[in-house]
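my_file_18.csv (CSV, C-alpha atoms and all ligand atoms)
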```
chain,number,residue,atom,x,y,z
A,237,MET,CA,75.9,111.2,90.4
A,238,ILE,CA,79.0,113.1,89.3
A,239,ALA,CA,81.7,112.5,92.0
A,240,ARG,CA,84.3,115.0,93.0
A,241,LEU,CA,87.6,113.7,91.8
A,242,PRO,CA,91.1,115.0,91.8
A,243,PRO,CA,92.8,115.8,88.4
A,244,SER,CA,93.8,112.6,86.5
A,245,ALA,CA,94.3,113.3,82.8
A,246,GLY,CA,97.5,111.7,81.6
A,247,LEU,CA,98.5,110.5,85.0
A,248,ARG,CA,99.5,107.1,86.3
A,249,ILE,CA,97.2,106.5,89.3
A,250,GLY,CA,97.2,103.6,91.7
A,251,LEU,CA,93.8,102.8,93.3
A,252,PHE,CA,94.1,101.4,96.8
A,253,GLY,CA,90.7,100.4,98.3
A,254,GLY,CA,90.2,99.5,101.9
A,255,SER,CA,88.1,99.6,105.0
A,256,PHE,CA,90.8,101.5,106.8
A,257,ASN,CA,89.4,100.4,110.2
A,258,PRO,CA,91.7,101.9,111.2
A,259,PRO,CA,94.4,103.0,108.7
A,260,HIS,CA,97.9,102.1,109.7
A,261,ALA,CA,101.6,102.4,108.8
A,262,ALA,CA,101.6,99.4,106.5
A,263,HIS,CA,98.9,101.0,104.3
A,264,ARG,CA,101.2,104.0,103.9
A,265,ALA,CA,104.3,101.9,103.4
A,266,ILE,CA,102.7,99.7,100.7
A,267,THR,CA,101.4,102.8,99.0
A,268,LEU,CA,104.9,104.4,98.9
A,269,LEU,CA,106.5,101.2,97.7
A,270,ALA,CA,103.9,100.8,94.9
A,271,MET,CA,104.4,104.4,93.9
A,272,LYS,CA,108.1,103.8,93.5
A,273,ARG,CA,108.0,100.4,91.9
A,274,LEU,CA,105.1,101.2,89.5
A,275,HIS,CA,106.3,104.7,88.7
A,276,LEU,CA,102.9,106.2,89.8
A,277,ASP,CA,102.2,109.9,89.9
A,278,PHE,CA,99.5,109.5,92.6
A,279,VAL,CA,97.7,106.8,94.7
A,280,TRP,CA,94.1,107.3,95.6
A,281,TRP,CA,93.0,105.7,98.8
A,282,ILE,CA,89.4,104.6,98.2
A,283,VAL,CA,87.8,104.4,101.6
A,284,SER,CA,85.0,101.8,101.4
A,285,PRO,CA,81.5,102.4,102.7
A,286,GLY,CA,81.8,98.7,103.8
A,287,ASN,CA,83.5,95.7,102.3
A,288,PRO,CA,80.7,93.5,100.8
A,289,LEU,CA,82.5,90.3,102.1
A,290,LYS,CA,82.9,91.5,105.7
A,291,ASP,CA,80.5,91.9,108.6
A,292,THR,CA,80.3,95.7,108.7
A,293,ARG,CA,78.4,96.0,112.0
A,294,GLY,CA,80.6,98.1,114.2
A,295,LEU,CA,82.4,99.7,111.3
A,296,PRO,CA,83.1,103.3,112.3
A,297,PRO,CA,81.4,106.0,110.2
A,298,LEU,CA,83.0,106.7,106.8
A,299,ALA,CA,83.7,110.4,107.8
A,300,GLU,CA,85.7,109.1,110.8
A,301,ARG,CA,87.7,106.6,108.7
A,302,LEU,CA,88.3,109.3,106.0
A,303,ALA,CA,89.7,111.7,108.5
A,304,ALA,CA,92.0,109.1,110.1
A,305,ALA,CA,93.2,107.9,106.6
A,306,ARG,CA,94.1,111.5,105.7
A,307,ARG,CA,96.1,111.8,108.9
A,308,VAL,CA,98.0,108.6,108.3
A,309,ALA,CA,98.5,109.2,104.6
A,310,ASN,CA,99.9,112.6,105.1
A,311,HIS,CA,101.7,112.8,101.7
A,312,PRO,CA,101.2,115.2,98.8
A,313,ARG,CA,100.8,112.3,96.3
A,314,ILE,CA,98.3,110.2,98.3
A,315,VAL,CA,94.7,111.3,97.8
A,316,VAL,CA,92.0,110.0,100.1
A,317,THR,CA,88.6,109.8,98.6
A,318,ASP,CA,85.0,108.7,99.4
A,319,VAL,CA,84.2,108.2,95.7
A,320,GLU,CA,82.4,104.9,96.4
A,321,GLN,CA,80.0,106.6,98.8
A,322,GLN,CA,79.5,109.4,96.3
A,323,ILE,CA,78.5,107.0,93.5
A,324,GLY,CA,76.7,104.6,95.8
A,325,THR,CA,78.5,101.4,95.5
A,326,ARG,CA,80.6,98.9,97.6
A,327,TYR,CA,81.7,96.9,94.6
A,328,THR,CA,85.1,97.5,93.0
A,329,VAL,CA,83.9,96.6,89.5
A,330,ASP,CA,81.4,99.5,89.7
A,331,THR,CA,84.0,101.9,91.0
A,332,LEU,CA,86.4,100.9,88.2
A,333,ARG,CA,83.7,101.2,85.5
A,334,TYR,CA,82.9,104.7,86.8
A,335,LEU,CA,86.4,105.9,87.1
A,336,ARG,CA,87.4,104.7,83.7
A,337,GLU,CA,84.5,106.4,82.1
A,338,ARG,CA,85.0,109.7,84.1
A,339,CYS,CA,88.8,109.7,83.7
A,340,PRO,CA,89.5,108.2,80.2
A,341,ARG,CA,93.0,109.7,80.0
A,342,ALA,CA,94.2,108.3,83.4
A,343,ARG,CA,96.2,105.1,83.6
A,344,PHE,CA,94.8,103.3,86.6
A,345,VAL,CA,96.3,100.3,88.4
A,346,TRP,CA,94.4,98.5,91.2
A,347,ILE,CA,96.6,97.8,94.2
A,348,SER,CA,95.9,95.3,97.0
A,349,GLY,CA,97.7,93.3,99.6
A,350,ALA,CA,98.4,89.6,99.0
A,351,ASP,CA,95.4,88.5,101.1
A,352,VAL,CA,93.1,90.1,98.6
A,353,LEU,CA,94.6,87.9,95.8
A,354,GLU,CA,93.8,84.9,97.9
A,355,GLU,CA,90.1,85.8,98.0
A,356,PHE,CA,89.8,87.7,94.8
A,357,HIS,CA,87.7,84.9,93.1
A,358,ARG,CA,84.9,85.8,95.6
A,359,TRP,CA,84.6,89.4,94.4
A,360,ARG,CA,81.8,90.5,92.1
A,361,ALA,CA,82.9,90.1,88.5
A,362,TRP,CA,86.4,89.5,89.5
A,363,ASP,CA,87.5,88.1,86.1
A,364,GLU,CA,86.1,91.2,84.5
A,365,ILE,CA,88.2,93.3,86.8
A,366,PHE,CA,91.3,91.5,85.5
A,367,GLU,CA,90.3,92.6,82.0
A,368,MET,CA,89.6,96.2,83.0
A,369,VAL,CA,92.8,97.4,84.7
A,370,PRO,CA,96.3,96.2,85.5
A,371,LEU,CA,96.6,94.8,89.0
A,372,CYS,CA,99.4,94.9,91.6
A,373,PHE,CA,99.4,92.7,94.6
A,374,MET,CA,101.8,93.6,97.5
A,375,ASP,CA,103.3,90.8,99.5
A,376,ARG,CA,102.1,90.5,103.1
A,377,GLY,CA,103.5,88.6,106.0
A,378,GLY,CA,102.2,85.0,106.0
A,379,GLU,CA,100.2,85.3,102.8
A,380,THR,CA,102.6,84.7,99.9
A,381,LEU,CA,102.1,81.1,99.1
A,382,ASP,CA,98.3,81.0,99.6
A,383,ALA,CA,98.0,84.1,97.4
A,384,LEU,CA,100.1,82.8,94.6
A,385,GLY,CA,98.2,79.5,94.6
A,386,SER,CA,94.8,81.1,94.7
A,387,PRO,CA,92.1,80.5,92.0
A,388,ALA,CA,92.6,84.0,90.6
A,389,ALA,CA,96.4,83.7,90.4
A,390,GLN,CA,96.1,80.3,88.7
A,391,ARG,CA,93.4,81.4,86.3
A,392,PHE,CA,95.4,84.5,85.2
A,393,SER,CA,98.8,82.9,85.5
A,394,ARG,CA,99.7,83.8,81.9
A,395,ALA,CA,99.0,87.5,82.6
A,396,ARG,CA,101.5,87.7,85.4
A,397,TRP,CA,104.6,89.7,84.7
A,398,PRO,CA,107.8,89.5,86.5
A,399,GLU,CA,108.3,92.0,89.2
A,400,GLU,CA,111.1,93.6,87.2
A,401,ARG,CA,108.5,94.9,84.7
A,402,ALA,CA,106.5,96.6,87.4
A,403,ALA,CA,107.5,100.1,86.1
A,404,GLN,CA,105.7,99.3,82.9
A,405,LEU,CA,102.5,97.9,84.5
A,406,ALA,CA,100.4,101.0,84.3
A,407,GLY,CA,100.9,101.2,80.5
A,408,MET,CA,100.1,97.5,79.9
A,409,LYS,CA,96.9,96.2,78.3
A,410,PRO,CA,94.9,94.1,80.8
A,411,PRO,CA,94.9,91.4,81.8
A,412,ALA,CA,98.3,92.1,83.4
A,413,TRP,CA,99.4,91.8,87.0
A,414,VAL,CA,102.5,91.7,89.1
A,415,PHE,CA,103.2,90.4,92.6
A,416,VAL,CA,105.6,92.8,94.4
A,417,HIS,CA,107.9,91.2,97.0
A,418,GLY,CA,110.0,93.3,99.3
A,419,MET,CA,107.6,94.0,102.1
A,420,LYS,CA,106.3,91.4,104.4
A,421,SER,CA,104.6,93.4,107.1
A,422,THR,CA,102.2,91.5,109.4
A,423,LEU,CA,100.6,94.7,110.6
A,424,SER,CA,96.8,94.7,110.3
A,425,SER,CA,93.8,96.8,111.3
A,426,SER,CA,92.4,93.8,113.1
A,427,ALA,CA,95.5,93.5,115.3
A,428,ILE,CA,95.2,97.2,116.1
A,429,ARG,CA,91.5,96.7,117.0
A,430,ALA,CA,92.5,93.8,119.2
A,431,GLY,CA,95.1,95.9,120.9
A,432,ILE,CA,98.0,93.7,119.9
A,433,ALA,CA,99.6,96.2,117.5
A,434,LYS,CA,99.5,99.9,116.8
B,1,LIG,N1,100.5,94.6,106.3
B,1,LIG,C1,100.0,94.6,105.1
B,1,LIG,N2,100.7,94.2,104.0
B,1,LIG,C2,100.2,94.2,102.8
B,1,LIG,N3,99.0,94.7,102.5
B,1,LIG,C3,98.2,95.2,103.5
B,1,LIG,C4,98.7,95.2,104.8
B,1,LIG,N4,97.7,95.7,105.6
B,1,LIG,C5,96.7,96.0,104.8
B,1,LIG,N5,97.0,95.7,103.5
B,1,LIG,C6,96.1,95.9,102.3
B,1,LIG,O1,95.5,97.1,102.4
B,1,LIG,C7,94.2,97.1,101.8
B,1,LIG,C8,93.2,97.6,102.8
B,1,LIG,O2,93.1,96.7,103.8
B,1,LIG,P1,92.3,96.9,105.1
B,1,LIG,O3,91.9,98.4,105.3
B,1,LIG,O4,91.3,95.9,105.2
B,1,LIG,O5,93.4,96.7,106.3
B,1,LIG,P2,93.7,95.3,107.0
B,1,LIG,O6,94.9,95.6,107.9
B,1,LIG,O7,93.8,94.2,106.0
B,1,LIG,O8,92.3,95.2,107.9
B,1,LIG,P3,91.7,93.9,108.6
B,1,LIG,O9,92.8,93.4,109.5
B,1,LIG,O10,90.5,94.5,109.4
B,1,LIG,O11,91.3,92.9,107.6
B,1,LIG,C9,94.0,95.7,101.4
B,1,LIG,O12,94.4,95.6,100.0
B,1,LIG,C10,95.0,94.9,102.2
B,1,LIG,O13,95.4,93.7,101.6
B,2,LIG,O1,83.9,94.2,94.7
B,2,LIG,C1,83.8,93.2,95.6
B,2,LIG,O2,83.1,92.2,95.4
B,2,LIG,C2,84.7,93.3,96.8
B,2,LIG,C3,84.8,92.4,97.7
B,2,LIG,C4,85.6,92.5,98.8
B,2,LIG,C5,86.4,93.6,99.0
B,2,LIG,N1,86.4,94.5,98.0
B,2,LIG,C6,87.2,95.7,98.1
B,2,LIG,O3,88.5,95.4,98.6
B,2,LIG,C7,89.1,96.4,99.2
B,2,LIG,C8,89.8,96.0,100.5
B,2,LIG,O4,88.8,95.7,101.4
B,2,LIG,P1,89.3,95.5,102.9
B,2,LIG,O5,88.0,95.5,103.7
B,2,LIG,O6,90.0,94.2,103.0
B,2,LIG,O7,90.1,96.7,103.3
B,2,LIG,C9,88.0,97.5,99.4
B,2,LIG,O8,88.2,98.5,98.4
B,2,LIG,C10,86.8,96.7,99.2
B,2,LIG,O9,85.7,97.4,98.7
B,2,LIG,C11,85.6,94.4,96.9
```

Output the file's structure as structure tokens, nothing else.
Ligand SMILES: Nc1ncnc2c1ncn2[C@@H]1O[C@H](COP(=O)(O)OP(=O)(O)OP(=O)(O)O)[C@@H](O)[C@H]1O
Ligand SMILES: O=C(O)c1ccc[n+]([C@@H]2O[C@H](COP(=O)([O-])O)[C@@H](O)[C@H]2O)c1
Amino acid sequence: MIARLPPSAGLRIGLFGGSFNPPHAAHRAITLLAMKRLHLDFVWWIVSPGNPLKDTRGLPPLAERLAAARRVANHPRIVVTDVEQQIGTRYTVDTLRYLRERCPRARFVWISGADVLEEFHRWRAWDEIFEMVPLCFMDRGGETLDALGSPAAQRFSRARWPEERAAQLAGMKPPAWVFVHGMKSTLSSSAIRAGIAK
């Protein structure tokens, strides 16, 4: 399957995967902060057909989450895509393999919140992902210490660059990652679903 993708040649592109159930202001704020600190041209929001580690019963249809993500993103340099649905995967390693092959001249960086670093060692082929693209983890309220002490952070501790080098991350040879402080939002989709945030 050949997915419909935005232009990418020669660009520095952040990839931000999520369930977006629902999308919220912290998704957008993190994206804009990463764009600035990593000197990215674009960030693609990859709306997941369903996180393989989550119970996805009750997950709203992808089309609904895509439309909501587009409304929240509302920025000329944020592109919302259903590429995982198009290529038929839920696993990030497959998505990255596909995108690197389809877009050989793009400089991709995978962006996640700190909670993802904490559980990264549970992802399929997670150590391979570290060798495929540079990674950027964004601080998240309540998650910093657990994330930085996680199995993935420990295993790749020598590939961590100081935050001051974030602007060079997209051009670095993997494994390379940064942890970006500066935002400690506690906003989450689950809090919104529970009616205790919006
Ligand atoms: N407040 C936040 N600070 C930092 N990163 C965040 C924040 N909210 C979401 N993210 C990141 O956004 C990405 C997509 O997350 P997701 O769509 O699951 O939102 P969520 O708020 O974490 O959802 P849920 O509460 O259902 O787990 C993940 O990398 C997640 O770490
Ligand atoms: O590839 C995996 O094994 C894997 C396991 C868990 C989560 N992910 C991805 O992590 C991203 C964040 O998921 P979520 O549900 O926390 O928003 C999203 O792109 C998921 O597809 C990927």

Excluding Lys409 of chain A and any residue of its chain fewer than 5 positions from it, enumerate the residues within 9 Å of it, using all atoms listed in the file, and give them as a list in words.
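After dropping sequence-adjacent residues, the list is Glu367, Met368, Val369 and Pro370 of chain A.
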
Write as a PDB file with C-alpha atoms, in the frame of the given file the residues around ligand LIG 2 (chain B), taking 7 Å as the cut-off and counting only C-alpha atoms and all ligand atoms.
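Result written to selection_31.pdb:
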```
ATOM      1  CA  PHE A 252      94.100 101.400  96.800  1.00  0.00           C
ATOM      2  CA  GLY A 253      90.700 100.400  98.300  1.00  0.00           C
ATOM      3  CA  GLY A 254      90.200  99.500 101.900  1.00  0.00           C
ATOM      4  CA  SER A 255      88.100  99.600 105.000  1.00  0.00           C
ATOM      5  CA  PHE A 256      90.800 101.500 106.800  1.00  0.00           C
ATOM      6  CA  ILE A 282      89.400 104.600  98.200  1.00  0.00           C
ATOM      7  CA  VAL A 283      87.800 104.400 101.600  1.00  0.00           C
ATOM      8  CA  SER A 284      85.000 101.800 101.400  1.00  0.00           C
ATOM      9  CA  GLY A 286      81.800  98.700 103.800  1.00  0.00           C
ATOM     10  CA  ASN A 287      83.500  95.700 102.300  1.00  0.00           C
ATOM     11  CA  PRO A 288      80.700  93.500 100.800  1.00  0.00           C
ATOM     12  CA  LEU A 289      82.500  90.300 102.100  1.00  0.00           C
ATOM     13  CA  LYS A 290      82.900  91.500 105.700  1.00  0.00           C
ATOM     14  CA  ARG A 326      80.600  98.900  97.600  1.00  0.00           C
ATOM     15  CA  TYR A 327      81.700  96.900  94.600  1.00  0.00           C
ATOM     16  CA  THR A 328      85.100  97.500  93.000  1.00  0.00           C
ATOM     17  CA  VAL A 329      83.900  96.600  89.500  1.00  0.00           C
ATOM     18  CA  VAL A 352      93.100  90.100  98.600  1.00  0.00           C
ATOM     19  CA  ARG A 358      84.900  85.800  95.600  1.00  0.00           C
ATOM     20  CA  TRP A 359      84.600  89.400  94.400  1.00  0.00           C
ATOM     21  CA  ARG A 360      81.800  90.500  92.100  1.00  0.00           C
TER      22      ARG A 360
END
```

May I ask which of the residues A:Glu400, A:Asp291, A:Glu320, A:Asp330 is the closest one to ligand LIG 1 (chain B), counting all atoms listed in the file?
A:Asp291

Pick out the closest residue to ligand LIG 1 (chain B) from this set: A:Arg343, A:Lys272, A:Lys420, A:Arg394. Count all atoms listed in the file.
A:Lys420

For Arg301 of chain A, please output as JSON, numbers by chain all residues within 9 Å (counting all atoms listed in the file; exclusion window: fewer than 3 positions along the same chain).
{"A": [255, 256, 257, 258, 259, 283, 296, 297, 298, 304, 305, 306]}

Within 6 Å of ligand LIG 1 (chain B) (all atoms listed in the file), residues as a PDB file with C-alpha atoms, in the frame of the given file:
```
ATOM      1  CA  GLY A 253      90.700 100.400  98.300  1.00  0.00           C
ATOM      2  CA  GLY A 254      90.200  99.500 101.900  1.00  0.00           C
ATOM      3  CA  SER A 255      88.100  99.600 105.000  1.00  0.00           C
ATOM      4  CA  PHE A 256      90.800 101.500 106.800  1.00  0.00           C
ATOM      5  CA  ASN A 257      89.400 100.400 110.200  1.00  0.00           C
ATOM      6  CA  ALA A 262     101.600  99.400 106.500  1.00  0.00           C
ATOM      7  CA  HIS A 263      98.900 101.000 104.300  1.00  0.00           C
ATOM      8  CA  SER A 348      95.900  95.300  97.000  1.00  0.00           C
ATOM      9  CA  GLY A 349      97.700  93.300  99.600  1.00  0.00           C
ATOM     10  CA  ALA A 350      98.400  89.600  99.000  1.00  0.00           C
ATOM     11  CA  ASP A 351      95.400  88.500 101.100  1.00  0.00           C
ATOM     12  CA  VAL A 352      93.100  90.100  98.600  1.00  0.00           C
ATOM     13  CA  MET A 374     101.800  93.600  97.500  1.00  0.00           C
ATOM     14  CA  ASP A 375     103.300  90.800  99.500  1.00  0.00           C
ATOM     15  CA  ARG A 376     102.100  90.500 103.100  1.00  0.00           C
ATOM     16  CA  SER A 421     104.600  93.400 107.100  1.00  0.00           C
ATOM     17  CA  THR A 422     102.200  91.500 109.400  1.00  0.00           C
ATOM     18  CA  LEU A 423     100.600  94.700 110.600  1.00  0.00           C
ATOM     19  CA  SER A 424      96.800  94.700 110.300  1.00  0.00           C
ATOM     20  CA  SER A 425      93.800  96.800 111.300  1.00  0.00           C
ATOM     21  CA  SER A 426      92.400  93.800 113.100  1.00  0.00           C
TER      22      SER A 426
END
```

Ser244 of chain A surroundings by all atoms listed in the file, 9 Å radius, close-in-sequence under 5 positions cut, as a ChimeraX atom specification
/A:249,278,339-343

One-decimal distance in Å that lies between atom CA of Glu355 of chain A and atom CA of Arg391 of chain A
12.9 Å

Tell me which of A:Leu274, A:Val315, A:His260, A:Ser386 sits closest to Ala433 of chain A, counting all atoms listed in the file.
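Closest residue, counting all atoms listed in the file: A:His260.
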
Using all atoms listed in the file for the distances, tell me which of A:Glu354, A:Asp277, A:Asp363, A:Glu379 is nearest to Ala406 of chain A.
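Distance minimum relative to Ala406 of chain A lands on A:Asp277.
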
Would you mind reading off the distance between atom CA of Leu371 of chain A and atom CA of Ile238 of chain A, one decimal, in Å?
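Distance between the two atoms: 25.4 Å.
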
Using all atoms listed in the file, can you tell me which of A:Val308, A:Leu335, A:Leu381, A:Val414 comes closest to Ile323 of chain A?
A:Leu335

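Proximity ranking of A:Arg338, A:Arg396, A:His357, A:Arg429 relative to Leu241 of chain A places A:Arg338 first, based on all atoms listed in the file.
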
As JSON, please report the centre and edge lengths, rounded to one decimal in Å, of the axis-aligned box that holds all listed atoms of segment 343-348 of chain A with 3 Å of padding on each of the six sides.
```
{"center_x": 95.5, "center_y": 100.2, "center_z": 90.3, "size_x": 8.2, "size_y": 15.8, "size_z": 19.4}
```
